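What follows is one structure encoded as structure tokens, with my remarks underneath.
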Amino acid sequence: MAEPQMLQPSTLSEAVKALAGRGAVAMAGATDLIPAMRKGEIRPRVLVNLKGIAEMTGVRRTRQGTRIGALTRVADLLDDPIVAQDLPLLADVAAGFASPQIRNLATIGGNLCNAAPSADLALPLLVVDATAEVRGKGGRRKIAMSEFFRGVNRTALRPGEILTAIVVPRPRRRTGMAHAKLGVRKAMDLAFVGVAATIQISPDGKKCRRARVALGSVAPTPRRAAKAEAILEGQLVTSQLIDEAAEGAASESRPVTDLRASREYRREMTRVLTRRALREAFRRAGKEQP
Ligand SMILES: Cc1cc2nc3c(=O)[nH]c(=O)nc-3n(C[C@H](O)[C@H](O)[C@H](O)COP(=O)(O)OP(=O)(O)OC[C@H]3O[C@@H](n4cnc5c(N)ncnc54)[C@H](O)[C@@H]3O)c2cc1C
């Protein structure tokens, strides 16, 4: 394989220009990219290293919510004070991500743009209705996280577009969040099944006002479980309702059998983990200040 040329833009405009070239591919932490190149799955002529672009790094609060630069490394999510306050679920998920070595390289943007069915960071972002900020030849645009994933390793990004940041809306009151991941080991393993859930409860603490459930590794893309959400919203939260919602999530999962787990096992685990995540999210919602 011929060595690709390496470009190091220091601004977004330079990067957009570089990515317009033939065979140009964006590179962040390269933890997905290098293995894919070694396997011959992609053969870039030019690698556009995004890491020097200052405006794509860091976490800050804006009027729209919490803005997480796409180059933020998974390791940085673990101890960022704004993430800890505004989206602790993201820090929780980051803690179970790969190994310290991989977390020190891997970026949140790379995890989303690689669009693996098992992309861990997609789940907490799907359940808070995050938005992707994107920049390309045509200028800037926004994509709802629920619209971002289009297939295995396929996103809604147009050729040459760069994911610059993810914006998470301000945390809602009386809302609990939880996630559950199943792999053979606790770390260094892609999930067989991953689930994240949020529940916002009514002021009296009994009804579910709003629910979000996201599933990983059980469909070609990380995805919301709309059926489960509809079962919960507006209803009195009981153990039976949570069981029904978990059943709903399992029925809308589309798992496949592979070397790691069978379709049937994944579907059953979707039910079990959804129930676990929803129970925990409801419990945490009750602990929030009204
Ligand atoms: C040993 C090992 C363990 C792993 N464990 C986990 C795990 O537990 N959970 C998990 O979810 N993943 C895991 N991964 C996968 C990988 O580490 C993540 O997906 C990582 O977040 C990718 O980020 P990156 O910065 O390395 O992306 P890169 O490899 O640099 O890029 C990935 C893809 O995204 C594109 N891209 C990157 N950034 C942008 C951008 N800003 N705009 C447009 N396109 C972009 C690249 O062109 C490429 O196609 C693991 C990988 C390894 C090797």
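The way I read the labels, and the way they are meant: chains A, B, ... in the order of the structure tokens, residue 1 as the first residue of every chain, and ligand 1 as the first ligand shown, with later ones counted on from there.
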
All residues having an atom within 8 Å of ligand 1 (only C-alpha atoms and all ligand atoms) as a PyMOL selection string = chain A and resi 25-35+50+56+70-71+73-74+96-99+102-103+105-116+118-121+134+153+157+160-165+187-191

Let's have the selection written as a compact mmCIF listing (two decimals), in the first residue's frame, with N, CA and C atoms.
```txt
# COMPACT_ATOMS: atom_id res chain seq x y z
N VAL A 25 -9.04 11.81 3.36
CA VAL A 25 -9.84 11.27 4.47
C VAL A 25 -9.44 12.00 5.75
N ALA A 26 -10.45 12.34 6.56
CA ALA A 26 -10.18 13.01 7.84
C ALA A 26 -9.61 12.02 8.84
N MET A 27 -8.72 12.52 9.67
CA MET A 27 -8.12 11.67 10.71
C MET A 27 -8.15 12.42 12.05
N ALA A 28 -8.59 11.71 13.12
CA ALA A 28 -8.56 12.31 14.46
C ALA A 28 -7.58 11.47 15.30
N GLY A 29 -8.08 10.60 16.18
CA GLY A 29 -7.18 9.78 17.01
C GLY A 29 -6.61 8.58 16.27
N ALA A 30 -7.21 8.26 15.12
CA ALA A 30 -6.78 7.16 14.23
C ALA A 30 -6.95 5.75 14.83
N THR A 31 -7.71 5.61 15.92
CA THR A 31 -7.86 4.28 16.53
C THR A 31 -8.78 3.37 15.70
N ASP A 32 -9.65 3.95 14.91
CA ASP A 32 -10.45 3.16 13.95
C ASP A 32 -9.79 3.17 12.58
N LEU A 33 -9.21 4.34 12.25
CA LEU A 33 -8.69 4.55 10.90
C LEU A 33 -7.50 3.64 10.58
N ILE A 34 -6.52 3.59 11.48
CA ILE A 34 -5.30 2.80 11.20
C ILE A 34 -5.64 1.31 11.04
N PRO A 35 -6.44 0.72 11.98
CA PRO A 35 -6.79 -0.69 11.76
C PRO A 35 -7.53 -0.91 10.43
N LEU A 50 -6.82 16.29 11.73
CA LEU A 50 -7.61 17.41 12.27
C LEU A 50 -7.07 17.94 13.59
N MET A 56 -11.92 23.00 17.37
CA MET A 56 -12.65 21.73 17.50
C MET A 56 -12.38 21.03 18.83
N ALA A 70 -15.45 18.21 18.65
CA ALA A 70 -15.36 16.85 18.12
C ALA A 70 -14.02 16.19 18.41
N LEU A 71 -12.99 17.01 18.65
CA LEU A 71 -11.67 16.44 18.93
C LEU A 71 -11.46 16.12 20.41
N ARG A 73 -11.03 14.20 23.53
CA ARG A 73 -10.68 12.80 23.66
C ARG A 73 -11.57 12.12 24.70
N VAL A 74 -11.76 10.83 24.54
CA VAL A 74 -12.61 10.08 25.48
C VAL A 74 -12.05 10.27 26.90
N GLY A 96 -16.17 3.28 30.75
CA GLY A 96 -16.16 1.87 30.37
C GLY A 96 -15.68 1.65 28.94
N PHE A 97 -15.07 2.67 28.37
CA PHE A 97 -14.66 2.67 26.96
C PHE A 97 -13.23 2.17 26.83
N ALA A 98 -13.03 1.07 26.11
CA ALA A 98 -11.69 0.57 25.76
C ALA A 98 -10.73 0.56 26.96
N SER A 99 -9.50 1.03 26.74
CA SER A 99 -8.45 1.02 27.77
C SER A 99 -7.93 2.45 27.91
N ILE A 102 -6.24 3.64 24.66
CA ILE A 102 -7.16 4.01 23.56
C ILE A 102 -7.93 5.29 23.93
N ARG A 103 -8.34 5.41 25.18
CA ARG A 103 -9.10 6.61 25.59
C ARG A 103 -8.25 7.88 25.43
N LEU A 105 -6.30 8.51 23.00
CA LEU A 105 -6.20 8.86 21.58
C LEU A 105 -7.57 9.12 20.97
N ALA A 106 -8.52 8.24 21.29
CA ALA A 106 -9.84 8.25 20.64
C ALA A 106 -10.59 9.54 20.94
N THR A 107 -11.26 10.07 19.92
CA THR A 107 -12.04 11.31 20.10
C THR A 107 -13.54 10.99 20.01
N ILE A 108 -14.32 11.89 20.57
CA ILE A 108 -15.78 11.71 20.51
C ILE A 108 -16.25 11.82 19.05
N GLY A 109 -15.64 12.74 18.30
CA GLY A 109 -16.04 12.91 16.90
C GLY A 109 -15.73 11.67 16.08
N GLY A 110 -14.55 11.07 16.33
CA GLY A 110 -14.18 9.85 15.60
C GLY A 110 -15.13 8.71 15.91
N ASN A 111 -15.55 8.62 17.16
CA ASN A 111 -16.47 7.54 17.55
C ASN A 111 -17.80 7.68 16.80
N LEU A 112 -18.28 8.91 16.68
CA LEU A 112 -19.57 9.13 15.99
C LEU A 112 -19.40 8.97 14.48
N CYS A 113 -18.32 9.53 13.92
CA CYS A 113 -18.15 9.50 12.46
C CYS A 113 -17.81 8.10 11.95
N ASN A 114 -17.19 7.29 12.78
CA ASN A 114 -16.92 5.92 12.36
C ASN A 114 -18.23 5.12 12.25
N ALA A 115 -19.21 5.53 13.05
CA ALA A 115 -20.59 5.00 12.98
C ALA A 115 -20.65 3.47 13.04
N ALA A 116 -19.94 2.91 14.01
CA ALA A 116 -20.08 1.46 14.25
C ALA A 116 -21.41 1.24 14.97
N SER A 118 -21.80 -0.41 17.42
CA SER A 118 -21.48 -0.48 18.85
C SER A 118 -20.89 0.82 19.39
N ALA A 119 -20.94 1.91 18.64
CA ALA A 119 -20.32 3.18 19.08
C ALA A 119 -20.90 3.60 20.43
N ASP A 120 -20.09 3.47 21.47
CA ASP A 120 -20.60 3.68 22.84
C ASP A 120 -21.11 5.10 23.09
N LEU A 121 -20.38 6.10 22.55
CA LEU A 121 -20.72 7.48 22.92
C LEU A 121 -21.99 7.97 22.24
N VAL A 134 -21.69 20.72 11.88
CA VAL A 134 -20.93 20.19 10.76
C VAL A 134 -20.45 21.34 9.89
N ASN A 153 -21.04 2.10 9.50
CA ASN A 153 -19.97 3.02 9.06
C ASN A 153 -20.47 4.09 8.08
N LEU A 157 -23.09 12.75 7.09
CA LEU A 157 -22.11 13.73 6.59
C LEU A 157 -21.99 13.62 5.08
N GLY A 160 -16.52 15.14 2.34
CA GLY A 160 -15.67 16.28 2.70
C GLY A 160 -16.15 17.06 3.91
N GLU A 161 -17.31 16.71 4.46
CA GLU A 161 -17.80 17.46 5.63
C GLU A 161 -17.09 16.99 6.90
N ILE A 162 -16.94 17.93 7.82
CA ILE A 162 -16.28 17.65 9.10
C ILE A 162 -17.28 17.84 10.22
N LEU A 163 -17.30 16.90 11.14
CA LEU A 163 -18.08 17.09 12.37
C LEU A 163 -17.23 17.98 13.27
N THR A 164 -17.74 19.16 13.62
CA THR A 164 -16.91 20.08 14.40
C THR A 164 -17.22 20.01 15.90
N ALA A 165 -18.49 19.79 16.24
CA ALA A 165 -18.86 19.77 17.66
C ALA A 165 -20.20 19.06 17.84
N ALA A 187 -13.82 -3.88 30.15
CA ALA A 187 -13.21 -2.89 29.26
C ALA A 187 -12.55 -3.62 28.09
N MET A 188 -12.01 -2.85 27.14
CA MET A 188 -11.34 -3.40 25.96
C MET A 188 -12.25 -4.33 25.18
N ASP A 189 -13.54 -4.07 25.22
CA ASP A 189 -14.44 -4.95 24.52
C ASP A 189 -15.59 -4.14 23.94
N LEU A 190 -15.96 -4.46 22.71
CA LEU A 190 -17.11 -3.79 22.15
C LEU A 190 -18.35 -4.42 22.77
N ALA A 191 -19.41 -3.62 22.91
CA ALA A 191 -20.62 -4.12 23.57
C ALA A 191 -21.33 -5.16 22.71
```

Can you list, as a ChimeraX atom specification, all residues belonging to stretch 20-178 of chain A that DSSP tags as helix (DSSP H, G or I)?
-> /A:33-38,50-52,54-56,74-78,81-86,88-95,100-103,108-114,122-126,145-148

Would you output that residue set with C-alpha atoms, as an mmCIF file, in the first residue's frame?
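Final output, saved to result_19.cif:
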```cif
data_model
loop_
_atom_site.group_PDB
_atom_site.id
_atom_site.type_symbol
_atom_site.label_atom_id
_atom_site.label_comp_id
_atom_site.auth_asym_id
_atom_site.auth_seq_id
_atom_site.Cartn_x
_atom_site.Cartn_y
_atom_site.Cartn_z
ATOM 1 C CA LEU A 33 -8.689 4.548 10.897
ATOM 2 C CA ILE A 34 -5.297 2.803 11.199
ATOM 3 C CA PRO A 35 -6.793 -0.690 11.763
ATOM 4 C CA ALA A 36 -9.142 -0.127 8.777
ATOM 5 C CA MET A 37 -6.172 0.932 6.601
ATOM 6 C CA ARG A 38 -4.147 -2.084 7.739
ATOM 7 C CA LEU A 50 -7.613 17.409 12.271
ATOM 8 C CA LYS A 51 -5.760 17.486 15.576
ATOM 9 C CA GLY A 52 -4.242 20.954 15.096
ATOM 10 C CA ALA A 54 -8.063 24.546 18.053
ATOM 11 C CA GLU A 55 -11.738 25.438 17.508
ATOM 12 C CA MET A 56 -12.646 21.730 17.498
ATOM 13 C CA VAL A 74 -12.607 10.085 25.483
ATOM 14 C CA ALA A 75 -10.092 10.462 28.368
ATOM 15 C CA ASP A 76 -10.995 14.172 28.676
ATOM 16 C CA LEU A 77 -14.695 13.346 29.107
ATOM 17 C CA LEU A 78 -13.914 11.394 32.278
ATOM 18 C CA PRO A 81 -16.223 19.448 35.268
ATOM 19 C CA ILE A 82 -18.858 20.671 32.759
ATOM 20 C CA VAL A 83 -19.530 17.149 31.447
ATOM 21 C CA ALA A 84 -19.741 15.921 35.064
ATOM 22 C CA GLN A 85 -22.454 18.465 35.779
ATOM 23 C CA ASP A 86 -24.401 18.649 32.509
ATOM 24 C CA PRO A 88 -22.662 12.728 33.741
ATOM 25 C CA LEU A 89 -23.957 9.810 31.672
ATOM 26 C CA LEU A 90 -21.365 10.627 28.997
ATOM 27 C CA ALA A 91 -18.567 10.465 31.582
ATOM 28 C CA ASP A 92 -19.968 7.143 32.895
ATOM 29 C CA VAL A 93 -19.983 5.655 29.406
ATOM 30 C CA ALA A 94 -16.484 7.020 28.705
ATOM 31 C CA ALA A 95 -15.233 5.259 31.845
ATOM 32 C CA PRO A 100 -6.602 4.095 29.086
ATOM 33 C CA GLN A 101 -4.271 3.949 26.049
ATOM 34 C CA ILE A 102 -7.161 4.005 23.562
ATOM 35 C CA ARG A 103 -9.096 6.611 25.592
ATOM 36 C CA ILE A 108 -15.783 11.712 20.508
ATOM 37 C CA GLY A 109 -16.035 12.912 16.896
ATOM 38 C CA GLY A 110 -14.179 9.851 15.595
ATOM 39 C CA ASN A 111 -16.465 7.542 17.546
ATOM 40 C CA LEU A 112 -19.569 9.131 15.991
ATOM 41 C CA CYS A 113 -18.147 9.496 12.456
ATOM 42 C CA ASN A 114 -16.917 5.916 12.362
ATOM 43 C CA ALA A 122 -23.682 7.629 20.551
ATOM 44 C CA LEU A 123 -26.096 6.309 23.181
ATOM 45 C CA PRO A 124 -25.863 9.060 25.831
ATOM 46 C CA LEU A 125 -26.024 11.669 23.052
ATOM 47 C CA LEU A 126 -29.115 10.097 21.470
ATOM 48 C CA MET A 145 -28.163 13.013 16.509
ATOM 49 C CA SER A 146 -31.216 10.836 15.742
ATOM 50 C CA GLU A 147 -30.593 11.563 12.019
ATOM 51 C CA PHE A 148 -26.815 11.241 12.089
#
```

Excluding stretch 192-209 of chain A and residues on its chain fewer than 6 positions from it, collect all residues at most 8 Å away from it, counting only C-alpha atoms, and give them as a compact mmCIF listing (two decimals) with N, CA and C atoms, in the first residue's frame.
```txt
# COMPACT_ATOMS: atom_id res chain seq x y z
N SER A 118 -21.80 -0.41 17.42
CA SER A 118 -21.48 -0.48 18.85
C SER A 118 -20.89 0.82 19.39
N ASP A 120 -20.09 3.47 21.47
CA ASP A 120 -20.60 3.68 22.84
C ASP A 120 -21.11 5.10 23.09
N LEU A 123 -24.88 6.56 22.39
CA LEU A 123 -26.10 6.31 23.18
C LEU A 123 -26.46 7.46 24.13
N PRO A 124 -25.49 7.94 24.97
CA PRO A 124 -25.86 9.06 25.83
C PRO A 124 -26.24 10.31 25.05
N VAL A 127 -29.98 9.98 23.77
CA VAL A 127 -31.05 10.14 24.76
C VAL A 127 -31.18 11.56 25.31
N VAL A 128 -30.27 12.46 24.92
CA VAL A 128 -30.45 13.85 25.35
C VAL A 128 -30.73 14.76 24.15
N ARG A 172 -32.56 18.78 31.68
CA ARG A 172 -33.95 19.03 32.07
C ARG A 172 -34.14 18.72 33.54
N ARG A 173 -35.13 19.39 34.13
CA ARG A 173 -35.40 19.14 35.56
C ARG A 173 -36.05 17.77 35.73
N ARG A 174 -35.90 17.24 36.92
CA ARG A 174 -36.54 15.95 37.30
C ARG A 174 -36.26 14.84 36.28
N THR A 175 -35.04 14.83 35.80
CA THR A 175 -34.68 13.83 34.79
C THR A 175 -33.57 12.93 35.31
N GLY A 176 -33.77 11.63 35.17
CA GLY A 176 -32.74 10.67 35.55
C GLY A 176 -32.19 10.00 34.30
N MET A 177 -30.92 9.65 34.34
CA MET A 177 -30.27 9.01 33.18
C MET A 177 -29.52 7.78 33.66
N ALA A 178 -29.49 6.76 32.81
CA ALA A 178 -28.70 5.57 33.16
C ALA A 178 -28.32 4.82 31.89
N HIS A 179 -27.31 3.98 32.01
CA HIS A 179 -26.95 3.14 30.87
C HIS A 179 -26.53 1.77 31.36
N ALA A 180 -26.54 0.82 30.45
CA ALA A 180 -26.10 -0.53 30.78
C ALA A 180 -25.43 -1.09 29.53
N LYS A 181 -24.29 -1.75 29.74
CA LYS A 181 -23.53 -2.29 28.60
C LYS A 181 -23.15 -3.73 28.92
N LEU A 182 -23.27 -4.58 27.94
CA LEU A 182 -22.89 -5.97 28.14
C LEU A 182 -21.79 -6.34 27.15
N GLY A 183 -20.66 -6.76 27.69
CA GLY A 183 -19.57 -7.28 26.86
C GLY A 183 -18.97 -8.46 27.60
N LEU A 215 -30.40 2.30 21.79
CA LEU A 215 -29.85 0.94 21.76
C LEU A 215 -28.60 0.92 20.91
N GLY A 216 -27.59 0.15 21.36
CA GLY A 216 -26.37 -0.03 20.58
C GLY A 216 -26.10 -1.50 20.33
N SER A 217 -25.46 -1.79 19.21
CA SER A 217 -25.05 -3.16 18.82
C SER A 217 -26.20 -4.10 18.47
N VAL A 218 -27.41 -3.57 18.34
CA VAL A 218 -28.53 -4.46 18.02
C VAL A 218 -29.26 -4.04 16.74
N LEU A 232 -43.92 4.55 27.46
CA LEU A 232 -43.68 5.20 28.76
C LEU A 232 -44.32 6.59 28.89
N GLU A 233 -44.28 7.36 27.81
CA GLU A 233 -44.61 8.78 27.95
C GLU A 233 -46.08 9.01 28.34
N GLY A 234 -46.26 9.85 29.36
CA GLY A 234 -47.60 10.22 29.82
C GLY A 234 -48.20 9.20 30.77
N GLN A 235 -47.49 8.14 31.08
CA GLN A 235 -48.06 7.07 31.91
C GLN A 235 -47.50 7.09 33.33
N LEU A 236 -48.29 6.48 34.22
CA LEU A 236 -47.86 6.26 35.59
C LEU A 236 -46.73 5.23 35.56
N VAL A 237 -45.60 5.54 36.16
CA VAL A 237 -44.47 4.60 36.05
C VAL A 237 -44.61 3.49 37.09
N ARG A 260 -19.57 -12.92 18.24
CA ARG A 260 -19.61 -12.52 19.64
C ARG A 260 -20.90 -12.93 20.35
N ALA A 261 -22.02 -12.95 19.63
CA ALA A 261 -23.30 -13.32 20.27
C ALA A 261 -24.36 -13.64 19.21
N ARG A 266 -28.90 -11.47 21.93
CA ARG A 266 -28.85 -10.00 21.92
C ARG A 266 -30.24 -9.41 22.17
N MET A 269 -31.10 -9.80 25.77
CA MET A 269 -30.32 -8.87 26.59
C MET A 269 -30.76 -7.42 26.39
N THR A 270 -31.31 -7.13 25.23
CA THR A 270 -31.85 -5.78 25.01
C THR A 270 -33.00 -5.55 26.00
N LEU A 273 -31.42 -5.33 29.67
CA LEU A 273 -30.66 -4.10 29.93
C LEU A 273 -31.54 -2.86 29.85
N THR A 274 -32.55 -2.89 28.98
CA THR A 274 -33.45 -1.73 28.90
C THR A 274 -34.21 -1.60 30.22
N ALA A 277 -31.79 -0.20 32.82
CA ALA A 277 -31.47 1.22 32.62
C ALA A 277 -32.67 2.10 32.96
N LEU A 278 -33.88 1.65 32.59
CA LEU A 278 -35.07 2.46 32.86
C LEU A 278 -35.35 2.54 34.37
N ALA A 281 -32.85 4.93 35.77
CA ALA A 281 -33.13 6.32 35.35
C ALA A 281 -34.30 6.87 36.17
N PHE A 282 -35.33 6.05 36.39
CA PHE A 282 -36.51 6.49 37.16
C PHE A 282 -36.11 6.77 38.61
N ALA A 285 -34.25 9.99 38.70
CA ALA A 285 -35.13 11.15 38.45
C ALA A 285 -35.81 11.57 39.76
N GLY A 286 -36.18 10.60 40.57
CA GLY A 286 -36.84 10.88 41.85
C GLY A 286 -35.92 11.58 42.83
N PRO A 290 -37.02 18.99 42.64
CA PRO A 290 -38.18 19.31 41.80
C PRO A 290 -38.04 20.70 41.19
```

Long-range neighbours of A:Thr66 as a VMD selection string, 7 Å cut-off, only C-alpha atoms, 3 positions minimum in chain | chain A and resid 60 to 62 167 to 170
